[in-house]
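This is protein-v1.cif (mmCIF, C-alpha atoms and all ligand atoms).
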data_coords
#
loop_
_atom_site.label_atom_id
_atom_site.label_comp_id
_atom_site.auth_asym_id
_atom_site.auth_seq_id
_atom_site.Cartn_x
_atom_site.Cartn_y
_atom_site.Cartn_z
CA MET E 21 2.30 -5.64 30.91
CA ASN E 22 0.39 -2.40 30.69
CA SER E 23 -3.02 -2.26 29.13
CA PHE E 24 -4.53 0.38 26.90
CA ALA E 25 -7.87 0.23 25.14
CA ARG E 26 -9.38 1.25 21.85
CA GLN E 27 -12.16 3.77 22.22
CA ARG E 28 -14.14 6.20 20.14
CA VAL E 29 -12.37 9.24 18.82
CA PRO E 30 -13.60 12.13 20.97
CA SER E 31 -15.72 14.71 19.15
CA THR E 32 -14.01 17.60 20.91
CA THR E 33 -10.46 18.18 22.03
CA ASP E 34 -8.30 21.05 23.26
CA VAL E 35 -5.07 20.37 21.38
CA VAL E 36 -4.33 18.56 18.12
CA VAL E 37 -0.73 17.48 17.57
CA ILE E 38 0.25 16.50 14.02
CA GLY E 39 2.97 13.87 13.71
CA SER E 40 4.24 11.26 16.15
CA GLY E 41 8.01 11.74 16.12
CA VAL E 42 9.75 12.76 19.32
CA ALA E 43 8.70 16.39 18.75
CA GLY E 44 5.00 15.53 18.46
CA LEU E 45 5.06 12.97 21.25
CA THR E 46 6.78 15.37 23.65
CA ALA E 47 4.40 18.21 22.73
CA ALA E 48 1.40 15.92 23.26
CA LEU E 49 2.79 14.69 26.55
CA SER E 50 3.41 18.20 27.78
CA ALA E 51 -0.06 19.45 26.81
CA ALA E 52 -1.77 16.44 28.37
CA GLN E 53 0.22 16.73 31.58
CA ASN E 54 -0.87 20.38 31.74
CA GLY E 55 -4.49 19.35 31.72
CA SER E 56 -5.45 19.56 28.04
CA ARG E 57 -7.37 16.92 26.13
CA VAL E 58 -4.97 15.97 23.35
CA LEU E 59 -5.40 14.27 20.00
CA LEU E 60 -2.18 13.08 18.34
CA ALA E 61 -2.65 12.42 14.60
CA GLU E 62 -0.07 10.43 12.65
CA ARG E 63 -0.60 9.95 8.94
CA SER E 64 1.48 6.82 8.50
CA ARG E 65 0.57 3.35 9.68
CA HIS E 66 3.10 3.37 12.53
CA ILE E 67 4.09 5.71 15.32
CA GLY E 68 7.54 7.28 15.51
CA GLY E 69 8.49 8.81 12.16
CA THR E 70 12.19 9.40 11.59
CA SER E 71 12.65 9.45 15.35
CA ALA E 72 11.93 5.72 15.66
CA TYR E 73 14.47 5.14 12.89
CA SER E 74 17.15 7.21 14.57
CA GLY E 75 19.91 6.80 17.11
CA GLY E 76 17.80 8.70 19.63
CA LEU E 77 20.70 10.79 20.90
CA LEU E 78 19.84 14.18 22.41
CA TRP E 79 22.19 17.13 22.71
CA ILE E 80 21.46 18.99 25.94
CA PRO E 81 24.13 21.17 27.58
CA LEU E 82 24.15 21.66 31.35
CA ASN E 83 22.49 18.30 31.92
CA LYS E 84 22.58 16.59 35.30
CA TYR E 85 24.13 13.40 33.94
CA MET E 86 27.35 15.11 32.91
CA ARG E 87 27.37 16.89 36.26
CA ASP E 88 27.03 13.52 38.02
CA LYS E 89 30.05 12.28 36.06
CA GLY E 90 32.08 15.28 37.09
CA ILE E 91 32.06 16.96 33.67
CA GLU E 92 31.92 20.72 34.05
CA ASP E 93 29.66 22.84 31.82
CA SER E 94 28.63 26.47 31.96
CA LEU E 95 25.86 28.60 30.56
CA PRO E 96 28.24 31.08 28.86
CA ASP E 97 30.16 28.23 27.20
CA ALA E 98 27.00 26.46 26.03
CA ARG E 99 25.58 29.76 24.76
CA GLN E 100 28.78 30.60 22.92
CA TYR E 101 29.02 27.18 21.30
CA LEU E 102 25.38 27.08 20.24
CA THR E 103 25.43 30.63 18.91
CA ALA E 104 28.60 30.03 16.89
CA PHE E 105 27.32 26.68 15.67
CA GLY E 106 24.16 28.37 14.42
CA LEU E 107 26.35 30.96 12.66
CA SER E 108 24.43 33.61 14.64
CA ARG E 109 21.45 33.02 12.36
CA VAL E 110 19.36 31.53 15.17
CA PRO E 111 17.52 34.18 17.22
CA SER E 112 19.13 34.51 20.65
CA SER E 113 15.72 34.09 22.29
CA LEU E 114 15.56 30.57 20.84
CA VAL E 115 19.08 29.78 22.04
CA GLU E 116 18.20 30.98 25.55
CA SER E 117 14.95 29.06 25.53
CA TYR E 118 16.72 25.87 24.46
CA LEU E 119 19.39 26.17 27.11
CA ASP E 120 16.86 26.92 29.82
CA ALA E 121 14.24 24.33 28.87
CA GLY E 122 16.54 21.45 27.84
CA PRO E 123 17.53 20.25 31.31
CA ARG E 124 14.00 20.81 32.65
CA MET E 125 12.58 18.83 29.71
CA LEU E 126 14.72 15.84 30.73
CA ASP E 127 13.34 15.94 34.29
CA PHE E 128 9.81 16.26 32.97
CA VAL E 129 10.08 13.34 30.54
CA GLU E 130 11.66 11.10 33.16
CA SER E 131 8.95 11.95 35.68
CA VAL E 132 5.99 10.97 33.46
CA THR E 133 7.32 8.27 31.14
CA PRO E 134 9.51 5.13 31.41
CA VAL E 135 12.26 6.94 29.47
CA ARG E 136 15.59 7.29 31.29
CA PHE E 137 18.69 8.99 29.92
CA THR E 138 22.38 8.57 30.40
CA CYS E 139 25.20 10.74 29.15
CA ASP E 140 27.65 9.31 26.68
CA THR E 141 31.01 10.79 27.55
CA SER E 142 32.55 9.38 24.36
CA ILE E 143 30.60 11.67 22.05
CA PRO E 144 32.26 15.07 21.65
CA ASP E 145 30.49 18.19 20.43
CA TYR E 146 30.85 18.22 16.66
CA ARG E 147 33.07 21.28 16.22
CA GLU E 148 36.14 21.28 18.40
CA GLU E 149 37.31 24.64 17.04
CA VAL E 150 34.20 26.44 18.30
CA PRO E 151 34.56 28.19 21.68
CA GLY E 152 32.53 26.56 24.42
CA TRP E 153 33.10 23.07 22.97
CA ARG E 154 33.02 20.04 25.27
CA ALA E 155 34.79 16.73 24.69
CA GLY E 156 31.77 14.76 25.90
CA GLY E 157 28.76 14.78 28.20
CA ARG E 158 26.26 16.91 26.32
CA ALA E 159 25.09 14.00 24.18
CA LEU E 160 22.51 11.86 25.97
CA GLU E 161 21.27 8.42 25.11
CA PRO E 162 17.93 6.90 26.14
CA LEU E 163 18.25 3.66 28.10
CA PRO E 164 16.42 0.61 26.73
CA VAL E 165 12.65 0.37 27.23
CA PRO E 166 10.56 -2.83 27.05
CA GLY E 167 7.91 -2.85 24.32
CA GLY E 168 5.61 -4.29 27.01
CA VAL E 169 5.03 -0.79 28.41
CA LEU E 170 2.66 -0.35 25.45
CA GLY E 171 0.66 -3.51 26.17
CA ASP E 172 -1.32 -4.57 23.10
CA PHE E 173 0.00 -1.58 21.19
CA ALA E 174 3.64 -2.62 21.30
CA GLY E 175 3.53 -3.39 17.57
CA GLU E 176 2.39 0.12 16.64
CA VAL E 177 5.88 1.64 16.82
CA ARG E 178 7.87 1.91 13.62
CA GLU E 179 10.82 -0.46 13.17
CA SER E 180 14.20 1.00 12.29
CA ARG E 181 15.59 -0.47 9.08
CA HIS E 182 18.69 1.54 9.73
CA PHE E 183 19.61 -0.24 12.96
CA GLY E 184 17.61 -3.45 12.53
CA ARG E 185 18.32 -5.92 15.35
CA LEU E 186 21.17 -3.76 16.57
CA GLY E 187 18.59 -1.17 17.58
CA ARG E 188 18.07 -3.30 20.68
CA LEU E 189 21.51 -2.40 22.00
CA THR E 190 22.53 1.05 23.15
CA ARG E 191 25.43 2.85 21.58
CA GLU E 192 27.43 2.31 24.73
CA GLU E 193 26.69 -1.44 24.70
CA MET E 194 27.71 -1.69 21.06
CA ARG E 195 30.99 -0.03 21.87
CA ARG E 196 31.59 -2.48 24.70
CA TYR E 197 30.89 -5.46 22.46
CA ARG E 198 33.25 -4.11 19.85
CA THR E 199 36.14 -3.91 22.26
CA ARG E 200 38.80 -6.55 21.91
CA GLY E 201 38.42 -9.48 24.26
CA THR E 202 34.64 -9.43 24.37
CA PRO E 203 33.47 -12.64 22.72
CA TYR E 204 31.35 -12.08 19.63
CA GLN E 205 29.05 -14.78 20.94
CA ALA E 206 28.20 -12.60 23.96
CA ALA E 207 26.85 -9.86 21.70
CA LEU E 208 24.68 -12.34 19.82
CA GLU E 209 23.34 -13.78 23.06
CA ALA E 210 22.57 -10.31 24.38
CA LEU E 211 20.71 -9.52 21.15
CA ASP E 212 18.73 -12.76 21.39
CA GLU E 213 17.74 -11.93 24.97
CA ARG E 214 16.71 -8.41 24.05
CA GLU E 215 14.66 -9.69 21.13
CA ALA E 216 12.92 -12.33 23.23
CA ALA E 217 11.99 -9.73 25.85
CA ASP E 218 11.24 -7.08 23.19
CA ILE E 219 13.65 -4.59 24.75
CA ARG E 220 14.11 -1.53 22.55
CA ALA E 221 16.97 0.93 22.53
CA ARG E 222 17.93 4.04 20.53
CA GLY E 223 15.23 6.05 18.79
CA ARG E 224 12.70 3.23 18.81
CA GLY E 225 13.12 2.83 22.56
CA LEU E 226 12.70 6.56 23.05
CA VAL E 227 9.51 6.63 20.97
CA THR E 228 8.17 3.58 22.81
CA GLY E 229 8.70 5.24 26.18
CA LEU E 230 7.28 8.60 25.10
CA LEU E 231 4.23 6.93 23.57
CA ALA E 232 3.62 5.00 26.80
CA GLY E 233 3.75 8.28 28.71
CA CYS E 234 1.33 9.88 26.26
CA LEU E 235 -1.18 7.04 26.53
CA GLU E 236 -0.95 7.03 30.30
CA SER E 237 -1.53 10.79 30.26
CA GLY E 238 -4.75 10.34 28.29
CA VAL E 239 -3.54 11.32 24.82
CA VAL E 240 -5.73 9.89 22.06
CA VAL E 241 -3.61 8.55 19.20
CA LEU E 242 -4.67 8.17 15.60
CA THR E 243 -2.72 6.51 12.82
CA GLY E 244 -3.54 6.19 9.15
CA ARG E 245 -2.26 5.33 5.72
CA GLY E 246 -2.46 8.83 4.33
CA SER E 247 -3.24 12.29 5.55
CA SER E 248 -6.96 11.91 4.88
CA ASN E 249 -7.42 8.39 6.21
CA PHE E 250 -6.75 8.32 9.93
CA LYS E 251 -7.46 5.20 11.87
CA TYR E 252 -7.99 5.29 15.58
CA VAL E 253 -5.34 3.42 17.61
CA ALA E 254 -5.57 3.82 21.34
CA VAL E 255 -6.55 5.96 24.25
CA ARG E 256 -5.54 6.08 27.86
CA SER E 257 -4.85 3.10 30.02
CA VAL E 258 -7.89 1.36 31.38
CA ALA E 259 -5.93 -0.95 33.65
CA TRP E 260 -3.06 1.00 35.02
CA SER E 261 -2.09 0.45 38.59
CA SER E 262 -2.20 3.67 40.56
CA SER E 263 0.95 2.54 42.33
CA HIS E 264 2.66 1.97 39.01
CA SER E 265 6.26 3.13 38.98
CA TRP E 266 8.39 3.70 35.93
CA ALA E 267 11.56 3.00 37.90
C1 LIG E 301 19.46 6.88 10.75
C2 LIG E 301 19.20 8.17 11.48
C3 LIG E 301 19.79 8.39 12.70
C4 LIG E 301 19.58 9.61 13.38
N1 LIG E 301 20.12 9.78 14.61
C5 LIG E 301 19.89 10.92 15.30
C6 LIG E 301 20.38 11.08 16.63
O1 LIG E 301 21.00 10.19 17.21
N2 LIG E 301 20.12 12.25 17.26
C7 LIG E 301 19.40 13.27 16.67
O2 LIG E 301 19.21 14.33 17.29
N3 LIG E 301 18.90 13.13 15.41
C8 LIG E 301 19.12 11.98 14.74
N4 LIG E 301 18.58 11.83 13.49
C9 LIG E 301 17.69 12.90 12.99
C10 LIG E 301 16.36 12.77 13.77
O3 LIG E 301 15.87 11.45 13.64
C11 LIG E 301 15.28 13.77 13.29
O4 LIG E 301 15.82 15.07 13.27
C12 LIG E 301 14.10 13.71 14.26
O5 LIG E 301 13.64 12.39 14.40
C13 LIG E 301 12.96 14.60 13.82
O6 LIG E 301 11.94 14.43 14.76
P1 LIG E 301 10.49 14.99 14.48
O7 LIG E 301 9.62 14.59 15.62
O8 LIG E 301 10.60 16.45 14.17
O9 LIG E 301 10.03 14.31 13.11
P2 LIG E 301 9.74 12.77 12.75
O10 LIG E 301 10.33 11.83 13.75
O11 LIG E 301 10.08 12.55 11.33
O12 LIG E 301 8.18 12.70 12.89
C14 LIG E 301 7.32 13.39 12.01
C15 LIG E 301 6.04 12.58 11.90
O13 LIG E 301 5.01 13.41 11.34
C16 LIG E 301 4.25 12.62 10.46
N5 LIG E 301 3.57 13.54 9.55
C17 LIG E 301 4.12 14.33 8.60
N6 LIG E 301 3.16 15.05 8.00
C18 LIG E 301 1.98 14.71 8.58
C19 LIG E 301 0.63 15.13 8.38
N7 LIG E 301 0.30 16.04 7.47
N8 LIG E 301 -0.33 14.58 9.16
C20 LIG E 301 0.00 13.67 10.10
N9 LIG E 301 1.26 13.22 10.33
C21 LIG E 301 2.24 13.76 9.57
C22 LIG E 301 5.27 11.72 9.79
O14 LIG E 301 4.67 10.58 9.22
C23 LIG E 301 6.18 11.37 10.99
O15 LIG E 301 5.75 10.22 11.66
C24 LIG E 301 18.77 10.63 12.80
C25 LIG E 301 18.16 10.39 11.56
C26 LIG E 301 18.36 9.18 10.91
C27 LIG E 301 17.66 8.94 9.59
#

Please lay out the structure from this file as structure tokens.
Ligand SMILES: Cc1cc2nc3c(=O)[nH]c(=O)nc-3n(C[C@H](O)[C@H](O)[C@H](O)COP(=O)(O)OP(=O)(O)OC[C@H]3O[C@@H](n4cnc5c(N)ncnc54)[C@H](O)[C@@H]3O)c2cc1C
Amino acid sequence: MNSFARQRVPSTTDVVVIGSGVAGLTAALSAAQNGSRVLLAERSRHIGGTSAYSGGLLWIPLNKYMRDKGIEDSLPDARQYLTAFGLSRVPSSLVESYLDAGPRMLDFVESVTPVRFTCDTSIPDYREEVPGWRAGGRALEPLPVPGGVLGDFAGEVRESRHFGRLGRLTREEMRRYRTRGTPYQAALEALDEREAADIRARGRGLVTGLLAGCLESGVVVLTGRGSSNFKYVAVRSVAWSSSHSWA
């Protein structure tokens, strides 16, 4: 189990990130990994926002996981699809930035957090009629993460009322358990095991892994009960093995 400690809120910082969904956590992680002192302020009692509630699926064209599974993608196709999907209202600079940074973001997150992704080939792009569409591979799912990576702060991540217990199984696992011939009992046993080991999947797993990366990177995290009442939660690991591996 990893260990993080409560400390004083620093009086100075370089970057303040507001909100602890996947956007805020990834921004904080990136700033901290680039050498900034980062304060992440979350107004609610728990970390994760809507992201912890969600399915945690990412849509990233040209990702290495689809390549590994032999699914072809191309920059012109991804550009065409994204541009048409955005009804040409999205500035092309943003489209280009997204297509360029998306695959690099995956490598970055995997290199500094316990988060690992896999591509779900069963999820098609939403609009089949749009040129550049792919039947699967651009949608990525985070693999399960143990709550233990947060040490004493495992309970600080928001629960998902949407998924409830089922949030401990990935989308792919759910599909497998739904298939005919798989005993219902096996799904219940798998859920019991996941619960006992506090293994988290979907958005809550993604938030757990990103938060662990943030804390390890020295991000100071504040939570509160309202925008004017922040309560300090945790700062960087004080007992983190230098040989620690996320693998
Ligand atoms: C059931 C469900 C399933 C979903 N599944 C998917 C999916 O599979 N894939 C997908 O791409 N999207 C999905 N979505 C949508 C996705 O969850 C959101 O688009 C995404 O989480 C937004 O992330 P965020 O970091 O921008 O915001 P959030 O995760 O909402 O985080 C914002 C945080 O900022 C905090 N905050 C707000 N104001 C302040 C303030 N003034 N001071 C401090 N803190 C503040 C909030 O409390 C919150 O914690 C799903 C949504 C739901 C509800």

- Task: Using all atoms listed in the file, pick whichever of E:Pro111, E:Gly75, E:Gly184, E:Gly55 has the shortest atom-to-atom distance to ligand LIG 301 (chain E).
- Result: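 Smallest distance to ligand LIG 301 (chain E) is found for E:Gly75.
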
- Message: So the first atom is atom O9 of ligand LIG 301 (chain E) and the second is CA of Gly44 (chain E); what is the distance between them in Å, to one decimal place?
- Response: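 That distance, rounded to one decimal, is 7.4 Å.
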
- Query: How many Å lie between CA of Ser50 (chain E) and atom C8 of ligand LIG 301 (chain E), rounded to one decimal?
  - Reply: 21.3 Å

- Message: Which residues are near ligand LIG 301 (chain E) in this structure, taking near to mean any atom at most 7 Å from a ligand atom and counting only C-alpha atoms and all ligand atoms? Format them as number ranges by chain.
- Response: E: 38-44, 61-64, 67-79, 182, 247

- Query: Which residues, written as a ChimeraX atom specification, have at least one atom at most 10 Å from region 189-200 of chain E, with only C-alpha atoms counted and residues fewer than 2 positions away on the same chain left out?
  - Reply: /E:75-77,138-142,161-164,183,185-187,202-208,210-211,214,219-223,225

- Task: Go through E:Val115, E:Leu107, E:Val169, E:Ile80 one by one, measure the shortest atom-to-atom distance of each to Gly233 (chain E) using only C-alpha atoms, and give the residue with the smallest value.
- Result: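 Closest to Gly233 (chain E) of all the choices is E:Val169.
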
- Item | Gap from CA of Val150 (chain E) to CA of Asn83 (chain E) - Å, one decimal |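 Going from CA of Val150 (chain E) over to CA of Asn83 (chain E) covers 19.7 Å.
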
- Go ahead and find all residues with at least one atom no further than 7 Å from (6.9, 4.7, 32.0) in the file's coordinates, using all atoms listed in the file; report them as a list of chain:residue names.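 Those residues lying close to the given coordinates are E:Val132, E:Thr133, E:Pro134, E:Val135, E:Val169, E:Gly229, E:Ala232, E:Gly233, E:Trp266.
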
Can you tell me, as JSON, the centre and edge lengths (Å, one decimal) of the axis-aligned box enclosing all of region 141-159 of chain E's listed atoms after padding each side by 8 Å?
{"center_x": 31.2, "center_y": 18.8, "center_z": 22.2, "size_x": 28.2, "size_y": 34.8, "size_z": 28.0}

Could you produce a table of the residues of region 81-107 of chain E lying within 9 Å of region 119-129 of chain E, with the nearest pair of atoms per residue and their separation in Å rounded to one decimal, using all atoms listed in the file, ordered by chain and increasing residue number, as CSV?
residue,atom,partner,partner_atom,distance
E:Pro81,CA,E:Leu119,CA,6.9
E:Leu82,CA,E:Pro123,CA,6.8
E:Asn83,CA,E:Pro123,CA,5.4
E:Lys84,CA,E:Pro123,CA,7.4
E:Leu95,CA,E:Leu119,CA,7.7
E:Ala98,CA,E:Leu119,CA,7.7
E:Arg99,CA,E:Leu119,CA,7.5

- Task: Pick out the closest residue to Asp34 (chain E) from this set: E:Arg87, E:Arg109, E:Lys251, E:Arg57. Count all atoms listed in the file.
- Result: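 When distances to Asp34 (chain E) are compared using all atoms listed in the file, the smallest one comes from E:Arg57.
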
What's the 10 Å shell around Ala217 (chain E), counting all atoms listed in the file, without same-chain residues fewer than 5 positions away, as a PDB file with C-alpha atoms, in the frame of the given file?
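Generated file (selection.pdb):
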ATOM      1  CA  PRO E 166      10.560  -2.830  27.050  1.00  0.00           C
ATOM      2  CA  GLY E 167       7.910  -2.850  24.320  1.00  0.00           C
ATOM      3  CA  GLY E 168       5.610  -4.290  27.010  1.00  0.00           C
ATOM      4  CA  LEU E 211      20.710  -9.520  21.150  1.00  0.00           C
ATOM      5  CA  ASP E 212      18.730 -12.760  21.390  1.00  0.00           C
TER       6      ASP E 212
END

- Message: I need the residue nearest Ser31 (chain E) from this list: E:Val240, E:Leu231, E:Ala47, E:Val253. Use only C-alpha atoms for the distance.
- Response: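 Among the listed residues, the smallest separation from Ser31 (chain E) belongs to E:Val240.
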
- Task: For each of E:Arg147, E:Arg26, E:Arg136, E:Arg65, take the minimum atom-to-atom distance to Val177 (chain E), counting all atoms listed in the file, then give the residue where this is smallest.
- Result: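 Selected residue with least distance to Val177 (chain E): E:Arg65.
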
- Do you know which residues lie at most 8 Å from (32.2, 19.3, 30.1), with coordinates as in the file and all atoms listed in the file counted, and could you write them as a list in words?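 These residues have at least one counted atom within 8 Å: Met86, Ile91, Glu92, Asp93, Arg154, Ala155, Gly156, Gly157 and Arg158 of chain E.
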